[in-house]
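Novice: Structure file protein-v4.cif (mmCIF, C-alpha atoms) right here:
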```
data_data
#
loop_
_atom_site.group_PDB
_atom_site.id
_atom_site.type_symbol
_atom_site.label_atom_id
_atom_site.label_comp_id
_atom_site.auth_asym_id
_atom_site.auth_seq_id
_atom_site.Cartn_x
_atom_site.Cartn_y
_atom_site.Cartn_z
ATOM 1 C CA GLU A 1 -0.205 22.315 13.813
ATOM 2 C CA PHE A 2 2.072 19.349 14.637
ATOM 3 C CA ALA A 3 3.465 21.334 17.581
ATOM 4 C CA VAL A 4 -0.054 21.517 19.022
ATOM 5 C CA VAL A 5 -0.495 17.757 18.575
ATOM 6 C CA LYS A 6 2.885 17.086 20.185
ATOM 7 C CA ASN A 7 1.836 19.127 23.216
ATOM 8 C CA HIS A 8 -0.826 16.615 24.315
ATOM 9 C CA SER A 9 1.754 14.471 26.139
ATOM 10 C CA GLN A 10 2.815 17.469 28.221
ATOM 11 C CA ILE A 11 -0.776 18.557 28.880
ATOM 12 C CA GLY A 12 -1.725 15.035 29.967
ATOM 13 C CA TYR A 13 1.304 14.949 32.258
ATOM 14 C CA GLU A 14 0.442 18.312 33.831
ATOM 15 C CA ILE A 15 -3.111 17.166 34.568
ATOM 16 C CA LEU A 16 -2.220 13.704 35.857
ATOM 17 C CA LYS A 17 0.789 14.636 38.013
ATOM 18 C CA LYS A 18 -1.608 16.312 40.453
ATOM 19 C CA ILE A 19 -3.490 13.058 41.049
ATOM 20 C CA GLU A 20 -2.110 10.399 43.356
ATOM 21 C CA PHE A 21 -1.877 6.985 41.663
ATOM 22 C CA PRO A 22 -0.149 3.801 42.850
ATOM 23 C CA TRP A 23 1.733 3.813 39.503
ATOM 24 C CA PRO A 24 3.647 6.525 37.628
ATOM 25 C CA ILE A 25 0.656 7.272 35.358
ATOM 26 C CA ALA A 26 1.683 10.878 34.640
ATOM 27 C CA LYS A 27 5.166 9.795 33.507
ATOM 28 C CA ILE A 28 3.711 6.981 31.391
ATOM 29 C CA VAL A 29 1.435 9.430 29.574
ATOM 30 C CA HIS A 30 4.288 11.925 29.235
ATOM 31 C CA GLN A 31 6.561 9.317 27.626
ATOM 32 C CA HIS A 32 4.153 7.464 25.327
ATOM 33 C CA HIS A 33 5.486 9.219 22.196
ATOM 34 C CA GLU A 34 9.131 8.607 23.054
ATOM 35 C CA ARG A 35 10.905 6.113 20.759
ATOM 36 C CA LEU A 36 13.723 3.652 21.440
ATOM 37 C CA ASN A 37 16.116 5.443 19.081
ATOM 38 C CA GLY A 38 15.528 8.853 20.704
ATOM 39 C CA SER A 39 13.480 10.255 17.819
ATOM 40 C CA GLY A 40 10.304 10.686 19.881
ATOM 41 C CA TYR A 41 8.949 13.531 21.946
ATOM 42 C CA PRO A 42 8.766 15.454 24.239
ATOM 43 C CA ASN A 43 12.207 14.674 25.708
ATOM 44 C CA ARG A 44 13.863 12.471 23.062
ATOM 45 C CA LEU A 45 14.369 9.701 25.614
ATOM 46 C CA LYS A 46 16.047 6.496 24.441
ATOM 47 C CA SER A 47 15.663 2.810 25.176
ATOM 48 C CA ASP A 48 15.626 2.038 28.905
ATOM 49 C CA GLU A 49 15.115 5.721 29.758
ATOM 50 C CA ILE A 50 11.511 5.101 28.666
ATOM 51 C CA LEU A 51 9.304 3.362 31.219
ATOM 52 C CA LEU A 52 8.165 -0.112 30.151
ATOM 53 C CA GLU A 53 4.550 0.960 30.627
ATOM 54 C CA ALA A 54 5.106 3.897 28.255
ATOM 55 C CA ARG A 55 6.644 1.524 25.685
ATOM 56 C CA ILE A 56 3.524 -0.649 25.972
ATOM 57 C CA LEU A 57 1.231 2.370 25.650
ATOM 58 C CA ALA A 58 3.222 3.551 22.612
ATOM 59 C CA VAL A 59 2.543 0.304 20.739
ATOM 60 C CA ALA A 60 -1.132 0.319 21.742
ATOM 61 C CA ASP A 61 -1.438 3.958 20.659
ATOM 62 C CA VAL A 62 0.162 3.284 17.273
ATOM 63 C CA MET A 63 -2.094 0.267 16.680
ATOM 64 C CA GLU A 64 -5.182 2.286 17.559
ATOM 65 C CA ALA A 65 -4.094 5.228 15.415
ATOM 66 C CA MET A 66 -3.329 3.124 12.351
ATOM 67 C CA THR A 67 -6.471 0.996 12.551
ATOM 68 C CA SER A 68 -8.837 3.927 13.132
ATOM 69 C CA HIS A 69 -10.448 6.055 10.452
ATOM 70 C CA ARG A 70 -9.047 9.572 10.271
ATOM 71 C CA PRO A 71 -10.481 12.585 8.420
ATOM 72 C CA TYR A 72 -7.475 12.450 6.075
ATOM 73 C CA ARG A 73 -7.403 8.644 5.450
ATOM 74 C CA GLU A 74 -9.244 5.373 5.858
ATOM 75 C CA ALA A 75 -8.295 2.945 8.622
ATOM 76 C CA PHE A 76 -5.500 0.499 7.882
ATOM 77 C CA SER A 77 -6.068 -3.210 8.463
ATOM 78 C CA VAL A 78 -4.764 -4.848 11.639
ATOM 79 C CA LYS A 79 -2.372 -6.948 9.534
ATOM 80 C CA TYR A 80 -0.991 -3.829 7.851
ATOM 81 C CA ALA A 81 -0.534 -2.060 11.209
ATOM 82 C CA LEU A 82 1.213 -5.079 12.726
ATOM 83 C CA ASN A 83 3.527 -5.250 9.724
ATOM 84 C CA GLU A 84 4.410 -1.571 10.191
ATOM 85 C CA LEU A 85 5.211 -2.247 13.865
ATOM 86 C CA LYS A 86 7.332 -5.229 12.846
ATOM 87 C CA LYS A 87 9.357 -3.068 10.421
ATOM 88 C CA ARG A 88 10.169 -0.615 13.209
ATOM 89 C CA LYS A 89 10.637 -3.172 15.986
ATOM 90 C CA GLY A 90 13.871 -2.503 17.861
ATOM 91 C CA ILE A 91 14.211 0.899 16.178
ATOM 92 C CA LEU A 92 11.163 2.818 17.382
ATOM 93 C CA TYR A 93 9.309 0.218 19.434
ATOM 94 C CA ASP A 94 10.321 -2.254 22.126
ATOM 95 C CA PRO A 95 10.836 -5.649 20.430
ATOM 96 C CA LYS A 96 9.293 -7.628 23.291
ATOM 97 C CA VAL A 97 6.224 -5.376 23.379
ATOM 98 C CA VAL A 98 5.767 -5.660 19.607
ATOM 99 C CA ASP A 99 6.146 -9.453 19.768
ATOM 100 C CA VAL A 100 3.494 -9.730 22.488
ATOM 101 C CA CYS A 101 1.167 -7.420 20.556
ATOM 102 C CA ILE A 102 1.536 -9.541 17.417
ATOM 103 C CA GLU A 103 1.053 -12.731 19.419
ATOM 104 C CA LEU A 104 -2.171 -11.421 20.957
ATOM 105 C CA PHE A 105 -3.600 -10.367 17.600
ATOM 106 C CA GLU A 106 -2.614 -13.674 15.982
ATOM 107 C CA LYS A 107 -4.320 -15.519 18.829
ATOM 108 C CA ASP A 108 -7.513 -13.525 18.214
ATOM 109 C CA ASN A 109 -7.361 -14.020 14.439
ATOM 110 C CA PHE A 110 -6.168 -10.446 13.803
ATOM 111 C CA SER A 111 -9.225 -8.742 15.218
ATOM 112 C CA TYR A 112 -10.105 -6.531 18.145
ATOM 113 C CA SER A 113 -12.212 -8.462 20.654
#
```
Let me see whether you can do it: turn the structure in this file into structure tokens.

Specialist:
Amino acid sequence: EFAVVKNHSQIGYEILKKIEFPWPIAKIVHQHHERLNGSGYPNRLKSDEILLEARILAVADVMEAMTSHRPYREAFSVKYALNELKKRKGILYDPKVVDVCIELFEKDNFSYS
């Protein structure tokens, strides 16, 4: 089942690579589950091998996933999700991206606007 979930990055890439964009959208989508330490997927890229835009999308995706209700669990609070990002900052997630994410949520009183 997890293999099917992991495949969505590749499927998104295959669809988007056929469309001409002024940015590397297909690569960004393909890399958004890669992690700084190389533990991500689909290609186990590390650090600067991952596009900055994909590192930004990764943090946004994790925030959305943690703060959304799932069939198997309730949504976590924004503060909880930010704390989880903080714990993994520099390991899984780009430290600068995490810092900006936290700053934006703090500015908006820890809520989605």

Novice: Where does the PyMOL selection byres ((chain A and resi 57) around 12) land in this file, that is, which residues does it pick, as JSON, numbers by chain?

Specialist: {"A": [25, 27, 28, 29, 30, 31, 32, 33, 34, 35, 50, 51, 52, 53, 54, 55, 56, 58, 59, 60, 61, 62, 63, 64, 65, 93, 94, 97, 98, 101]}

Novice: Go through A:Asn109, A:Asn7, A:Asn43, A:Asn37 one by one, measure the shortest atom-to-atom distance of each to A:Ile91 using all atoms listed in the file, and give the residue with the smallest value.

Specialist: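 Nearest to A:Ile91: A:Asn37.
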
Novice: Please put the answer as AutoDock Vina command-line options: centre and edge lengths, in Å with one decimal, of a box along x, y and z that encloses all listed atoms of stretch 25-41 of chain A plus 4 Å on each side.

Specialist:
```
--center_x 8.4 --center_y 8.6 --center_z 26.6 --size_x 23.5 --size_y 17.9 --size_z 25.5
```

Novice: How far is it from atom CA of A:Ala81 to atom CA of A:Phe110, in Å with one decimal?

Specialist: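 Between these atoms lies a distance of 10.4 Å.
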
Novice: Pick from A:Thr67, A:Ser39, A:Gln10, A:Ser77: nearest to A:Ala26, with all atoms listed in the file counted?

Specialist: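 For A:Ala26, the nearest of the candidates is A:Gln10.
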
Novice: Kindly give the distance, in Å, that separates atom CA of A:Lys18 and atom CA of A:Ser47, rounded to a single decimal.

Specialist: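 Those two atoms sit 26.7 Å apart.
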